[in-house]
$ cat protein-v3.cif   # mmCIF, C-alpha atoms
data_query
#
loop_
_atom_site.label_atom_id
_atom_site.label_comp_id
_atom_site.auth_asym_id
_atom_site.auth_seq_id
_atom_site.Cartn_x
_atom_site.Cartn_y
_atom_site.Cartn_z
CA MET A 202 -8.21 -6.13 -19.30
CA ILE A 203 -5.83 -7.41 -21.93
CA ASP A 204 -4.05 -4.03 -22.01
CA LEU A 205 -3.70 -4.16 -18.23
CA TYR A 206 -2.34 -7.70 -18.38
CA GLU A 207 0.31 -6.72 -20.93
CA THR A 208 1.20 -3.52 -19.03
CA GLN A 209 1.80 -5.42 -15.80
CA ARG A 210 3.91 -8.03 -17.61
CA ALA A 211 5.99 -5.23 -19.15
CA MET A 212 6.54 -3.74 -15.68
CA ARG A 213 7.73 -7.14 -14.41
CA GLN A 214 10.25 -7.33 -17.25
CA MET A 215 11.47 -3.81 -16.45
CA ARG A 216 11.93 -4.81 -12.81
CA LYS A 217 14.03 -7.80 -13.80
CA ALA A 218 16.09 -5.58 -16.13
CA ALA A 219 16.63 -3.05 -13.34
CA MET A 220 17.76 -5.81 -10.96
CA GLN A 221 20.22 -7.07 -13.55
CA ARG A 222 21.58 -3.53 -13.98
CA GLY A 223 21.98 -3.37 -10.20
CA VAL A 224 20.00 -0.33 -9.00
CA VAL A 225 16.34 0.68 -8.73
CA ALA A 226 14.53 3.58 -7.02
CA ILE A 227 11.73 3.05 -4.48
CA LEU A 228 9.14 5.87 -4.31
CA ASP A 229 6.60 6.18 -1.50
CA ILE A 230 4.38 9.05 -2.67
CA GLY A 231 2.28 10.11 0.30
CA THR A 232 0.04 13.05 1.10
CA SER A 233 2.43 14.72 3.53
CA GLN A 234 5.78 13.02 2.83
CA THR A 235 7.54 11.64 -0.24
CA THR A 236 10.35 9.13 0.31
CA CYS A 237 12.93 7.76 -2.11
CA LEU A 238 15.19 4.80 -1.41
CA ILE A 239 17.79 3.59 -3.90
CA LEU A 240 18.49 -0.14 -3.77
CA ARG A 241 21.57 -1.92 -5.03
CA PHE A 242 21.16 -5.61 -5.82
CA ASP A 243 24.10 -7.95 -5.37
CA GLY A 244 22.94 -11.00 -7.26
CA GLY A 245 20.72 -13.84 -6.20
CA HIS A 246 18.29 -16.01 -8.08
CA LEU A 247 16.41 -14.62 -11.06
CA PRO A 248 13.71 -16.71 -12.75
CA GLY A 249 14.53 -18.26 -16.08
CA PRO A 250 12.48 -17.95 -19.25
CA ASP A 251 10.62 -21.20 -18.58
CA GLY A 252 8.73 -20.03 -15.52
CA VAL A 253 8.63 -17.94 -12.40
CA GLY A 254 9.61 -20.11 -9.42
CA PRO A 255 8.13 -19.96 -5.92
CA LEU A 256 8.69 -16.22 -5.81
CA ALA A 257 8.70 -14.06 -8.90
CA GLY A 258 12.41 -13.29 -8.66
CA GLN A 259 14.57 -13.06 -5.55
CA SER A 260 17.68 -11.05 -4.83
CA ARG A 261 19.59 -9.58 -1.94
CA PHE A 262 19.70 -5.80 -1.79
CA ARG A 263 21.20 -2.92 0.15
CA VAL A 264 19.94 0.63 0.60
CA ILE A 265 22.64 2.97 -0.76
CA GLY A 266 20.63 6.18 -0.96
CA ALA A 267 17.72 7.64 1.01
CA ALA A 268 15.95 10.98 1.00
CA THR A 269 12.62 12.43 2.08
CA THR A 270 10.83 15.69 1.45
CA ARG A 271 7.50 17.33 2.14
CA SER A 272 4.92 16.28 -0.42
CA ARG A 273 3.41 18.94 -2.63
CA GLY A 274 0.41 18.76 -4.89
CA MET A 275 -1.03 15.66 -3.16
CA ARG A 276 -4.47 15.28 -1.60
CA PHE A 277 -5.99 12.12 -0.10
CA GLY A 278 -3.06 10.12 -1.45
CA GLU A 279 -3.77 11.24 -5.02
CA ILE A 280 -2.19 13.82 -7.31
CA ASP A 281 -3.97 17.16 -7.08
CA VAL A 282 -1.44 19.47 -8.82
CA MET A 283 0.78 17.66 -11.32
CA GLN A 284 3.55 20.29 -11.48
CA GLU A 285 3.96 20.45 -7.70
CA THR A 286 4.08 16.67 -7.34
CA GLU A 287 6.64 16.42 -10.14
CA ARG A 288 8.81 19.05 -8.42
CA ALA A 289 8.72 17.12 -5.13
CA LEU A 290 9.57 13.85 -6.90
CA ARG A 291 12.51 15.39 -8.75
CA THR A 292 13.80 16.91 -5.50
CA VAL A 293 13.71 13.68 -3.51
CA VAL A 294 15.11 11.52 -6.35
CA GLN A 295 18.03 13.90 -6.94
CA ALA A 296 18.83 13.98 -3.22
CA ALA A 297 18.81 10.16 -3.02
CA GLN A 298 20.95 9.87 -6.16
CA LYS A 299 23.45 12.33 -4.72
CA MET A 300 23.77 10.26 -1.56
CA ALA A 301 24.10 7.02 -3.55
CA GLN A 302 26.41 8.61 -6.15
CA VAL A 303 24.60 6.74 -8.90
CA ARG A 304 21.91 7.51 -11.44
CA VAL A 305 18.72 5.44 -11.55
CA ASP A 306 16.48 4.89 -14.55
CA HIS A 307 13.78 2.60 -13.11
CA ALA A 308 11.42 3.24 -10.20
CA ILE A 309 8.85 1.22 -8.27
CA ALA A 310 6.14 3.34 -6.60
CA CYS A 311 3.36 2.93 -4.07
CA PHE A 312 0.44 5.18 -3.19
CA SER A 313 -2.42 5.15 -0.70
CA GLY A 314 -5.38 6.71 -2.51
CA ALA A 315 -7.53 5.69 -5.50
CA GLY A 316 -10.29 4.03 -3.45
CA PRO A 317 -9.09 0.39 -3.29
CA ARG A 318 -11.69 -2.40 -3.35
CA SER A 319 -11.07 -6.08 -2.68
CA TYR A 320 -12.67 -9.05 -4.44
CA GLY A 321 -12.36 -12.73 -3.65
CA LEU A 322 -12.48 -14.91 -6.79
CA ALA A 323 -12.46 -18.68 -7.26
CA GLY A 324 -11.67 -20.94 -10.22
CA GLN A 325 -11.33 -24.67 -10.91
CA ILE A 326 -10.10 -26.94 -13.74
CA ASP A 327 -9.84 -30.72 -14.34
CA LEU A 328 -6.43 -32.38 -14.47
CA ALA A 329 -7.40 -35.98 -15.35
CA GLY A 330 -4.91 -37.43 -12.90
CA GLU A 331 -1.85 -35.67 -14.29
CA ALA A 332 0.80 -33.58 -12.54
CA VAL A 333 0.19 -29.84 -12.14
CA ARG A 334 2.19 -27.84 -14.66
CA GLU A 335 2.85 -24.14 -15.15
CA SER A 336 0.14 -23.99 -17.79
CA ASP A 337 -2.37 -25.51 -15.35
CA ILE A 338 -1.70 -22.72 -12.85
CA ALA A 339 -2.31 -20.18 -15.62
CA ALA A 340 -5.50 -21.95 -16.68
CA VAL A 341 -7.02 -22.11 -13.21
CA LEU A 342 -6.29 -18.41 -12.65
CA ALA A 343 -7.87 -17.60 -16.02
CA SER A 344 -10.99 -19.56 -15.02
CA CYS A 345 -11.74 -17.14 -12.16
CA GLU A 346 -14.91 -15.14 -12.76
CA VAL A 347 -13.74 -11.51 -12.88
CA PRO A 348 -16.46 -9.02 -11.82
CA ASP A 349 -17.42 -6.11 -14.02
CA LEU A 350 -15.22 -3.37 -12.55
CA GLY A 351 -16.38 -0.63 -14.89
CA PRO A 352 -14.40 1.53 -17.33
CA ASP A 353 -12.99 3.80 -14.61
CA ARG A 354 -11.42 1.02 -12.53
CA THR A 355 -8.24 -1.00 -13.03
CA ILE A 356 -6.60 -3.93 -11.27
CA LEU A 357 -3.59 -3.19 -9.09
CA HIS A 358 -2.98 -6.61 -7.53
CA ALA A 359 -4.24 -10.07 -8.55
CA GLN A 360 -2.62 -12.60 -6.24
CA PRO A 361 -3.44 -16.31 -5.76
CA VAL A 362 -3.86 -16.80 -2.02
CA ASN A 363 -4.77 -20.50 -1.89
CA PHE A 364 -4.66 -23.65 -4.03
CA ALA A 365 -6.67 -26.85 -3.53
CA LEU A 366 -5.82 -30.16 -5.18
CA ASP A 367 -8.71 -32.63 -4.90
CA TYR A 368 -9.56 -32.76 -1.18
CA ARG A 369 -6.36 -31.06 0.02
CA SER A 370 -6.61 -27.29 0.48
CA GLY A 371 -4.17 -24.71 1.77
CA LEU A 372 -1.44 -25.48 -0.79
CA THR A 373 1.06 -22.73 -1.49
CA ASP A 374 2.57 -24.17 -4.68
CA PRO A 375 0.88 -27.27 -6.19
CA ARG A 376 3.21 -27.57 -9.19
CA GLY A 377 4.50 -31.12 -9.65
CA GLN A 378 1.75 -32.73 -7.57
CA VAL A 379 -0.71 -35.22 -9.07
CA GLY A 380 -4.47 -34.82 -8.83
CA ASN A 381 -7.82 -34.76 -10.65
CA ALA A 382 -9.12 -31.24 -9.89
CA LEU A 383 -7.20 -28.02 -9.23
CA ALA A 384 -8.92 -25.03 -7.60
CA ALA A 385 -7.55 -21.59 -6.76
CA ASP A 386 -8.64 -18.60 -4.70
CA LEU A 387 -7.59 -15.23 -6.11
CA HIS A 388 -7.52 -11.87 -4.30
CA LEU A 389 -8.11 -9.01 -6.71
CA LEU A 390 -7.57 -5.38 -5.71
CA SER A 391 -9.01 -2.70 -7.97
CA VAL A 392 -8.34 1.06 -7.85
CA ASP A 393 -9.37 4.20 -9.72
CA ALA A 394 -7.79 4.02 -13.19
CA GLY A 395 -7.43 7.80 -13.53
CA VAL A 396 -5.35 8.08 -10.35
CA VAL A 397 -2.98 5.37 -11.59
CA ARG A 398 -2.62 7.00 -15.01
CA ASN A 399 -1.75 10.35 -13.44
CA LEU A 400 0.80 8.73 -11.13
CA LEU A 401 2.51 6.87 -13.98
CA HIS A 402 2.54 10.03 -16.11
CA CYS A 403 4.09 12.06 -13.27
CA ILE A 404 6.88 9.51 -12.73
CA LYS A 405 7.65 9.40 -16.46
CA ARG A 406 7.88 13.20 -16.50
CA CYS A 407 10.71 12.80 -13.97
CA ASP A 408 12.69 10.79 -16.57
CA LEU A 409 12.06 7.47 -14.82
CA GLU A 410 10.72 4.20 -16.22
CA VAL A 411 8.02 2.63 -14.05
CA ALA A 412 9.08 -0.90 -13.09
CA GLY A 413 6.11 -1.58 -10.82
CA ILE A 414 3.33 -0.08 -8.72
CA ALA A 415 1.79 -1.30 -5.48
CA SER A 416 -0.69 -0.29 -2.83
CA SER A 417 0.85 1.30 0.26
CA ALA A 418 -1.51 -0.80 2.40
CA TYR A 419 0.11 -3.94 0.98
CA ALA A 420 3.65 -2.56 1.31
CA SER A 421 3.11 -1.46 4.91
CA GLY A 422 1.73 -4.87 5.85
CA ILE A 423 4.78 -6.62 4.40
CA SER A 424 7.09 -4.44 6.47
CA ALA A 425 5.24 -3.90 9.76
CA LEU A 426 3.82 -7.40 10.29
CA VAL A 427 6.16 -10.13 11.43
CA GLU A 428 6.01 -13.54 9.75
CA ASP A 429 3.81 -15.14 12.42
CA GLU A 430 1.28 -12.31 12.22
CA GLN A 431 1.08 -12.61 8.43
CA SER A 432 0.55 -16.36 8.76
CA ILE A 433 -1.96 -16.56 11.62
CA GLY A 434 -3.91 -13.46 10.65
CA ALA A 435 -3.50 -9.77 11.46
CA ALA A 436 -4.54 -6.35 10.25
CA CYS A 437 -2.14 -3.52 9.46
CA ILE A 438 -3.45 0.04 9.78
CA ASP A 439 -1.18 2.56 8.08
CA MET A 440 -2.12 6.02 9.39
CA GLY A 441 -0.74 8.52 6.90
CA GLY A 442 -1.22 12.21 6.36
CA GLY A 443 -4.23 12.20 4.03
CA THR A 444 -5.53 8.63 4.26
CA THR A 445 -5.58 5.68 6.63
CA SER A 446 -4.90 2.44 4.75
CA LEU A 447 -6.02 -0.95 5.97
CA SER A 448 -4.80 -4.41 4.95
CA ILE A 449 -5.56 -7.87 6.33
CA PHE A 450 -3.08 -10.74 5.96
CA MET A 451 -3.74 -14.45 6.33
CA ARG A 452 -1.45 -17.41 5.60
CA GLY A 453 1.21 -15.01 4.35
CA HIS A 454 -1.04 -13.33 1.76
CA MET A 455 -3.02 -10.10 1.69
CA ILE A 456 -6.70 -11.04 1.55
CA TYR A 457 -8.31 -7.59 1.99
CA ALA A 458 -7.38 -3.94 1.54
CA ASP A 459 -9.25 -0.66 1.92
CA SER A 460 -8.65 2.95 2.88
CA VAL A 461 -10.28 5.76 4.85
CA ARG A 462 -9.93 9.31 3.57
CA ILE A 463 -8.92 10.67 6.97
CA GLY A 464 -5.35 11.07 8.22
CA GLY A 465 -2.97 13.06 10.37
CA ALA A 466 -3.31 16.16 8.20
CA HIS A 467 -6.96 16.42 9.25
CA VAL A 468 -5.92 16.52 12.90
CA THR A 469 -3.46 19.30 12.08
CA SER A 470 -6.20 21.18 10.22
CA ASP A 471 -8.54 20.88 13.22
CA ILE A 472 -5.86 22.33 15.52
CA SER A 473 -5.22 25.18 13.08
CA LYS A 474 -8.91 26.08 12.82
CA GLY A 475 -9.63 25.59 16.51
CA PHE A 476 -6.90 27.93 17.75
CA GLY A 477 -6.66 30.24 14.73
CA ILE A 478 -2.99 29.47 14.01
CA SER A 479 -0.99 28.50 10.93
CA LEU A 480 -0.78 24.91 9.74
CA SER A 481 2.99 24.80 10.34
CA LEU A 482 2.56 25.89 13.96
CA ALA A 483 -0.34 23.45 14.41
CA GLU A 484 1.84 20.58 13.13
CA LYS A 485 4.63 21.57 15.52
CA ILE A 486 2.29 21.71 18.50
CA LYS A 487 0.75 18.35 17.57
CA CYS A 488 4.16 16.67 17.38
CA TYR A 489 5.60 18.19 20.58
CA TYR A 490 2.58 18.42 22.90
CA GLY A 491 -0.14 16.27 21.32
CA GLY A 492 -1.88 13.39 23.01
CA LEU A 493 -5.17 11.54 23.27
CA VAL A 494 -5.48 10.49 26.92
CA PRO A 495 -6.05 13.30 29.47
CA THR A 496 -4.12 13.37 32.73
CA GLY A 497 -4.54 15.26 35.98
CA ARG A 498 -2.04 17.99 35.16
CA ASP A 499 -3.13 18.80 31.61
CA ASP A 500 -5.01 21.89 32.82
CA ARG A 501 -1.78 23.23 34.31
CA ASP A 502 0.48 22.41 31.35
CA MET A 503 0.36 25.56 29.24
CA ILE A 504 1.45 25.79 25.60
CA GLU A 505 2.57 29.13 24.21
CA LEU A 506 1.21 30.08 20.79
CA THR A 507 3.31 32.41 18.65
CA GLY A 508 2.07 34.06 15.48
CA GLU A 509 2.93 36.81 13.06
CA THR A 510 -0.41 38.52 12.49
CA GLY A 511 0.67 41.81 14.10
CA ASP A 512 -1.88 41.54 16.90
CA TRP A 513 0.17 41.24 20.09
CA GLU A 514 -2.58 39.70 22.22
CA HIS A 515 -3.47 37.20 19.49
CA ASP A 516 0.14 36.26 18.78
CA ARG A 517 1.12 35.78 22.43
CA ARG A 518 -1.56 33.44 23.75
CA GLU A 519 -1.40 30.33 25.90
CA ILE A 520 -3.56 27.23 25.74
CA SER A 521 -3.71 24.24 28.04
CA ARG A 522 -2.82 20.75 26.92
CA SER A 523 -6.32 19.60 27.83
CA GLU A 524 -7.71 21.98 25.19
CA LEU A 525 -5.33 20.46 22.63
CA ILE A 526 -6.41 16.92 23.54
CA GLY A 527 -10.04 18.00 23.28
CA ILE A 528 -9.50 18.93 19.64
CA MET A 529 -7.31 15.97 18.63
CA ARG A 530 -9.26 13.10 20.21
CA PRO A 531 -12.59 13.45 18.32
CA ARG A 532 -10.87 13.33 14.92
CA VAL A 533 -8.81 10.26 15.88
CA GLU A 534 -11.95 8.57 17.23
CA GLU A 535 -13.68 9.28 13.93
CA THR A 536 -10.80 7.63 12.08
CA LEU A 537 -10.85 4.54 14.29
CA GLU A 538 -14.63 4.22 13.96
CA ALA A 539 -14.29 4.22 10.17
CA VAL A 540 -11.54 1.58 10.43
CA ARG A 541 -13.77 -0.50 12.71
CA ALA A 542 -16.54 -0.41 10.10
CA ARG A 543 -14.10 -1.62 7.41
CA LEU A 544 -12.89 -4.46 9.65
CA ASP A 545 -16.46 -5.57 10.36
CA ALA A 546 -17.29 -5.51 6.64
CA ALA A 547 -14.24 -7.69 5.92
CA GLY A 548 -15.20 -10.27 8.57
CA PHE A 549 -12.06 -9.68 10.61
CA ASP A 550 -13.68 -11.15 13.75
CA ALA A 551 -13.83 -14.56 12.04
CA LEU A 552 -10.03 -14.85 11.80
CA PRO A 553 -8.23 -17.11 14.31
CA SER A 554 -6.12 -14.20 15.55
CA GLN A 555 -7.44 -10.65 15.65
CA LYS A 556 -4.21 -8.75 16.11
CA ILE A 557 -3.94 -5.17 14.89
CA VAL A 558 -0.68 -3.38 14.09
CA LEU A 559 -0.63 0.42 13.84
CA THR A 560 2.01 2.05 11.67
CA GLY A 561 2.51 5.21 9.63
CA GLY A 562 3.56 8.71 10.63
CA ALA A 563 0.26 9.57 12.33
CA SER A 564 0.40 6.48 14.58
CA GLN A 565 3.01 7.99 16.92
CA VAL A 566 0.58 10.14 18.90
CA PRO A 567 0.84 9.31 22.63
CA GLY A 568 -2.14 7.33 23.88
CA LEU A 569 -3.21 6.01 20.46
CA MET A 570 -2.59 2.35 21.24
CA GLY A 571 -4.78 2.43 24.34
CA LEU A 572 -7.57 4.28 22.54
CA ALA A 573 -7.37 1.90 19.55
CA ALA A 574 -7.48 -1.15 21.82
CA ARG A 575 -10.67 0.13 23.50
CA MET A 576 -12.40 1.11 20.25
CA LEU A 577 -11.32 -1.81 18.06
CA GLY A 578 -11.47 -4.43 20.80
CA HIS A 579 -8.33 -6.38 19.88
CA GLN A 580 -4.66 -6.62 20.72
CA VAL A 581 -2.93 -3.55 19.33
CA ARG A 582 0.76 -2.79 18.96
CA LEU A 583 2.85 -0.16 17.20
CA GLY A 584 4.65 -1.55 14.16
CA ARG A 585 7.98 -0.35 12.84
CA PRO A 586 9.51 -1.36 9.51
CA LEU A 587 11.75 -4.39 9.48
CA ARG A 588 15.44 -3.61 9.33
CA VAL A 589 17.05 -3.89 5.92
CA GLN A 590 20.73 -3.61 5.15
CA GLY A 591 21.96 -0.04 4.75
CA LEU A 592 18.76 1.64 5.96
CA PRO A 593 19.60 4.92 7.77
CA GLN A 594 18.62 5.21 11.42
CA ALA A 595 16.37 8.15 10.60
CA ALA A 596 14.30 5.94 8.29
CA THR A 597 13.42 3.28 10.87
CA GLY A 598 10.29 4.95 12.25
CA PRO A 599 6.67 3.94 11.54
CA GLY A 600 6.43 6.65 8.87
CA PHE A 601 8.76 4.65 6.59
CA SER A 602 6.91 1.31 6.74
CA ALA A 603 5.51 1.66 3.22
CA ALA A 604 8.89 2.55 1.69
CA VAL A 605 10.69 -0.35 3.38
CA GLY A 606 7.86 -2.75 2.52
CA LEU A 607 8.03 -1.65 -1.11
CA SER A 608 11.75 -2.45 -1.09
CA MET A 609 10.96 -5.98 0.04
CA PHE A 610 8.20 -6.18 -2.58
CA ALA A 611 10.73 -5.18 -5.26
CA ALA A 612 13.25 -7.86 -4.24
CA HIS A 613 10.81 -10.64 -3.27
CA PRO A 614 7.50 -10.12 -5.10
CA GLN A 615 4.67 -12.57 -4.70
CA ASP A 616 3.39 -14.39 -7.78
CA GLU A 617 0.55 -12.54 -9.47
CA TRP A 618 -1.83 -13.25 -12.32
CA TRP A 619 0.40 -11.65 -14.95
CA ASP A 620 3.43 -13.75 -14.00
CA PHE A 621 1.84 -16.64 -15.90
CA GLU A 622 1.21 -17.12 -19.59
CA ILE A 623 -2.58 -16.92 -19.68
CA PRO A 624 -3.97 -18.83 -22.69
CA ALA A 625 -5.34 -16.41 -25.26
CA GLU A 626 -8.54 -18.39 -25.71
CA ARG A 627 -9.24 -18.26 -21.96
CA TYR A 628 -8.44 -14.64 -21.20
CA PRO A 629 -10.58 -12.99 -20.12
CA GLY A 630 -12.82 -15.85 -19.02
CA ARG A 631 -16.06 -13.89 -19.52
CA SER A 632 -15.55 -12.75 -23.11
CA LEU A 633 -17.50 -15.66 -24.71
CA ARG A 634 -20.41 -15.36 -22.30
CA ARG A 635 -20.52 -11.61 -22.89
CA ALA A 636 -20.58 -12.13 -26.68
CA VAL A 637 -23.42 -14.69 -26.41
CA LYS A 638 -25.41 -12.31 -24.23
CA TRP A 639 -24.92 -9.50 -26.70
CA LEU A 640 -26.12 -11.70 -29.59
CA LYS A 641 -29.24 -12.73 -27.67
CA GLU A 642 -30.11 -9.12 -26.84
CA ASN A 643 -29.52 -7.69 -30.31
CA TRP A 644 -30.66 -10.46 -32.70
#
$ encode --input "protein-v3.cif" --output "structure tokens"
Amino acid sequence: MIDLYETQRAMRQMRKAAMQRGVVAILDIGTSQTTCLILRFDGGHLPGPDGVGPLAGQSRFRVIGAATTRSRGMRFGEIDVMQETERALRTVVQAAQKMAQVRVDHAIACFSGAGPRSYGLAGQIDLAGEAVRESDIAAVLASCEVPDLGPDRTILHAQPVNFALDYRSGLTDPRGQVGNALAADLHLLSVDAGVVRNLLHCIKRCDLEVAGIASSAYASGISALVEDEQSIGAACIDMGGGTTSLSIFMRGHMIYADSVRIGGAHVTSDISKGFGISLSLAEKIKCYYGGLVPTGRDDRDMIELTGETGDWEHDRREISRSELIGIMRPRVEETLEAVRARLDAAGFDALPSQKIVLTGGASQVPGLMGLAARMLGHQVRLGRPLRVQGLPQAATGPGFSAAVGLSMFAAHPQDEWWDFEIPAERYPGRSLRRAVKWLKENW
């Protein structure tokens, strides 16, 4: 835990150094697509050495380079073949640097795999009627009871989502206010430690210093949800190639995140197996002719299949669009059923507003919004990334929500646990109790 705390603080310092130098690379490493955006910062407020401010560093930025390529060596949002993933990263970073005409040394990355799990923690300290200081915020966060995650798990995000001062709850920043008791609610997101280590190692092999990592579910929610949706309560479903990520926002903070190991690549695989065609042809047919809601003329709309097996009759076949829908719909229904189970487990129905925003490359299938509205039972809309200065027109589709959200995360990050100087005697909060338990059991 202490190593993690120091590693995250070092990444924050690297991010500030990159912003002062002026450029930083944004890497969205997905299962089917890898995107690189190069940001140029033009000043703004940076926190001083005495504290972090309402946001942990703010700055205006502009996208000066953008590139995308097909991912290689990725499976379920995790690295499967290190050499292939490194080759794809080098390709996309070099293309973005060529467009920007500048070299970058620092990168901030997001990924969708590693089995994210959310925990809600609470802590409280006494103030004795004094004003809340920076050290009090650090102390109340350190007082949160951290669960035993196990040796193979690590913390990706640890964000305070609510503060309460005496009887007043819902405070965003209690510093400077006077009270007797300060309480905090902390959202902790843990992931598989091995996946994170491999990702950091792969980025370093590309001659880049890692200035931050984030969950793609969090980044997509920042970009695809408008401010009102983040405040009142909404869920963002990022449908990628290998995974479907889910995040729930409330009062401007992410309070839950999870993922389903099903994505658009599984639909493509079903089409390939069902019709006996190549994956590239199946992807083309899915994009041009795919759909989920049958119509009256689907039996008459014929799709020509072309192959290169040498068998004339096999290579020159025709299928109807209704057959294609019959293969695509069950897999999408399976994905939405798994998402519904995650929403029920998170208590999404208890939120004041149950709005759902679909984003990601696999969310553009015709008829998905209607099917999702019937299966999930809430208002559903298709979310596109918010416009940022300099973003190319080709990068404004739902498939770039995570990359754009990560850009906003880089320039306007939310305060996290490691932004505060945690007292050494209070971190981690369970060390003393664990030592006492060990003494009782062994002596």
$ closest_residue --input "protein-v3.cif" --among "A:Gln234, A:Ser608, A:Ser473, A:Gln209" --to "Ala310 (chain A)" --atoms "only C-alpha atoms"
A:Ser608
$ atom_distance --input "protein-v3.cif" --atom1 "CA of Glu430 (chain A)" --atom2 "CA of Asp620 (chain A)"
26.3 Å
$ residues_around --input "protein-v3.cif" --residues "Arg498 (chain A)" --least-positions-apart "3" --cutoff "12 Å" --atoms "only C-alpha atoms" --output "list in words"
Val494, Pro495, Arg501, Asp502, Met503, Ser521, Arg522 and Ser523 of chain A
$ resolve_selection --input "protein-v3.cif" --expression "the PyMOL selection byres ((chain A and resi 416) around 8)" --output "count of residues only"
10
$ closest_atom_pairs --input "protein-v3.cif" --of "region 499-593 of chain A" --to "region 237-244 of chain A" --cutoff "12 Å" --atoms "all atoms listed in the file" --output "CSV"
residue,atom,partner,partner_atom,distance
A:Val589,CA,A:Leu240,CA,10.5
A:Gln590,CA,A:Leu240,CA,9.8
A:Gly591,CA,A:Leu240,CA,9.2
A:Leu592,CA,A:Leu238,CA,8.8
A:Pro593,CA,A:Leu238,CA,10.2
$ closest_residue --input "protein-v3.cif" --among "A:Gly453, A:Gly321, A:Gly351, A:Gly422" --to "Leu389 (chain A)" --atoms "only C-alpha atoms"
A:Gly321
$ closest_residue --input "protein-v3.cif" --among "A:Ala604, A:Ala611, A:Ile356, A:Met455" --to "Thr208 (chain A)" --atoms "only C-alpha atoms"
A:Ile356
$ resolve_selection --input "protein-v3.cif" --expression "the PyMOL selection byres ((chain A and resi 577) around 9)" --output "count of residues only"
15
$ resolve_selection --input "protein-v3.cif" --expression "the PyMOL selection byres ((chain A and resi 299-305) around 8)" --output "list of chain:residue names"
A:Val224, A:Val225, A:Ala226, A:Ile239, A:Ile265, A:Gly266, A:Ala267, A:Gln295, A:Ala296, A:Ala297, A:Gln298, A:Asp306, A:His307, A:Ala308, A:Leu409
$ write_last_selection --input "protein-v3.cif" --atoms "C-alpha atoms" --output "PDB file, in the coordinates of the input"
ATOM      1  CA  VAL A 224      20.000  -0.330  -9.000  1.00  0.00           C
ATOM      2  CA  VAL A 225      16.340   0.680  -8.730  1.00  0.00           C
ATOM      3  CA  ALA A 226      14.530   3.580  -7.020  1.00  0.00           C
ATOM      4  CA  ILE A 239      17.790   3.590  -3.900  1.00  0.00           C
ATOM      5  CA  ILE A 265      22.640   2.970  -0.760  1.00  0.00           C
ATOM      6  CA  GLY A 266      20.630   6.180  -0.960  1.00  0.00           C
ATOM      7  CA  ALA A 267      17.720   7.640   1.010  1.00  0.00           C
ATOM      8  CA  GLN A 295      18.030  13.900  -6.940  1.00  0.00           C
ATOM      9  CA  ALA A 296      18.830  13.980  -3.220  1.00  0.00           C
ATOM     10  CA  ALA A 297      18.810  10.160  -3.020  1.00  0.00           C
ATOM     11  CA  GLN A 298      20.950   9.870  -6.160  1.00  0.00           C
ATOM     12  CA  ASP A 306      16.480   4.890 -14.550  1.00  0.00           C
ATOM     13  CA  HIS A 307      13.780   2.600 -13.110  1.00  0.00           C
ATOM     14  CA  ALA A 308      11.420   3.240 -10.200  1.00  0.00           C
ATOM     15  CA  LEU A 409      12.060   7.470 -14.820  1.00  0.00           C
TER      16      LEU A 409
END
$ closest_residue --input "protein-v3.cif" --among "A:Leu322, A:Ala359, A:Ala412, A:Lys487" --to "Ala385 (chain A)" --atoms "only C-alpha atoms"
A:Leu322
$ closest_residue --input "protein-v3.cif" --among "A:Gly568, A:Gly606, A:Gly441, A:Pro531" --to "Leu228 (chain A)" --atoms "only C-alpha atoms"
A:Gly606
$ closest_residue --input "protein-v3.cif" --among "A:His402, A:Lys217, A:Arg452, A:Arg530" --to "Glu287 (chain A)" --atoms "only C-alpha atoms"
A:His402
$ atom_distance --input "protein-v3.cif" --atom1 "CA of Ile504 (chain A)" --atom2 "CA of Leu525 (chain A)"
9.1 Å
$ residues_around --input "protein-v3.cif" --residues "Arg585 (chain A)" --least-positions-apart "6" --cutoff "7 Å" --atoms "all atoms listed in the file" --output "list in words"
Ala425, Thr560, Thr597, Gly598, Pro599 and Ser602 of chain A
$ atom_distance --input "protein-v3.cif" --atom1 "CA of Leu447 (chain A)" --atom2 "CA of Leu390 (chain A)"
12.6 Å
$ residues_around --input "protein-v3.cif" --residues "region 458-466 of chain A" --least-positions-apart "2" --cutoff "8 Å" --atoms "all atoms listed in the file" --output "count of residues only"
32
$ residues_near_point --input "protein-v3.cif" --point "(-8.0, -32.1, -4.3)" --cutoff "8 Å" --atoms "all atoms listed in the file" --output "list in words"
Ala365, Leu366, Asp367, Tyr368, Arg369, Ser370, Gly380, Asn381, Ala382, Leu383 and Ala384 of chain A
$ residues_near_point --input "protein-v3.cif" --point "(-2.6, -21.7, 14.6)" --cutoff "10 Å" --atoms "all atoms listed in the file" --output "ChimeraX atom specification"
/A:429,432-434,553-554
$ write_last_selection --input "protein-v3.cif" --atoms "C-alpha atoms" --output "compact mmCIF listing (two decimals), in the coordinates of the input"
# COMPACT_ATOMS: atom_id res chain seq x y z
CA ASP A 429 3.81 -15.14 12.42
CA SER A 432 0.55 -16.36 8.76
CA ILE A 433 -1.96 -16.56 11.62
CA GLY A 434 -3.91 -13.46 10.65
CA PRO A 553 -8.23 -17.11 14.31
CA SER A 554 -6.12 -14.20 15.55
$ residues_around --input "protein-v3.cif" --residues "Gln284 (chain A)" --least-positions-apart "6" --cutoff "10 Å" --atoms "only C-alpha atoms" --output "VMD selection string"
chain A and resid 273 to 274 290 403 406
$ write_last_selection --input "protein-v3.cif" --atoms "C-alpha atoms" --output "CSV table (one decimal), in the coordinates of the input"
chain,number,residue,atom,x,y,z
A,273,ARG,CA,3.4,18.9,-2.6
A,274,GLY,CA,0.4,18.8,-4.9
A,290,LEU,CA,9.6,13.8,-6.9
A,403,CYS,CA,4.1,12.1,-13.3
A,406,ARG,CA,7.9,13.2,-16.5
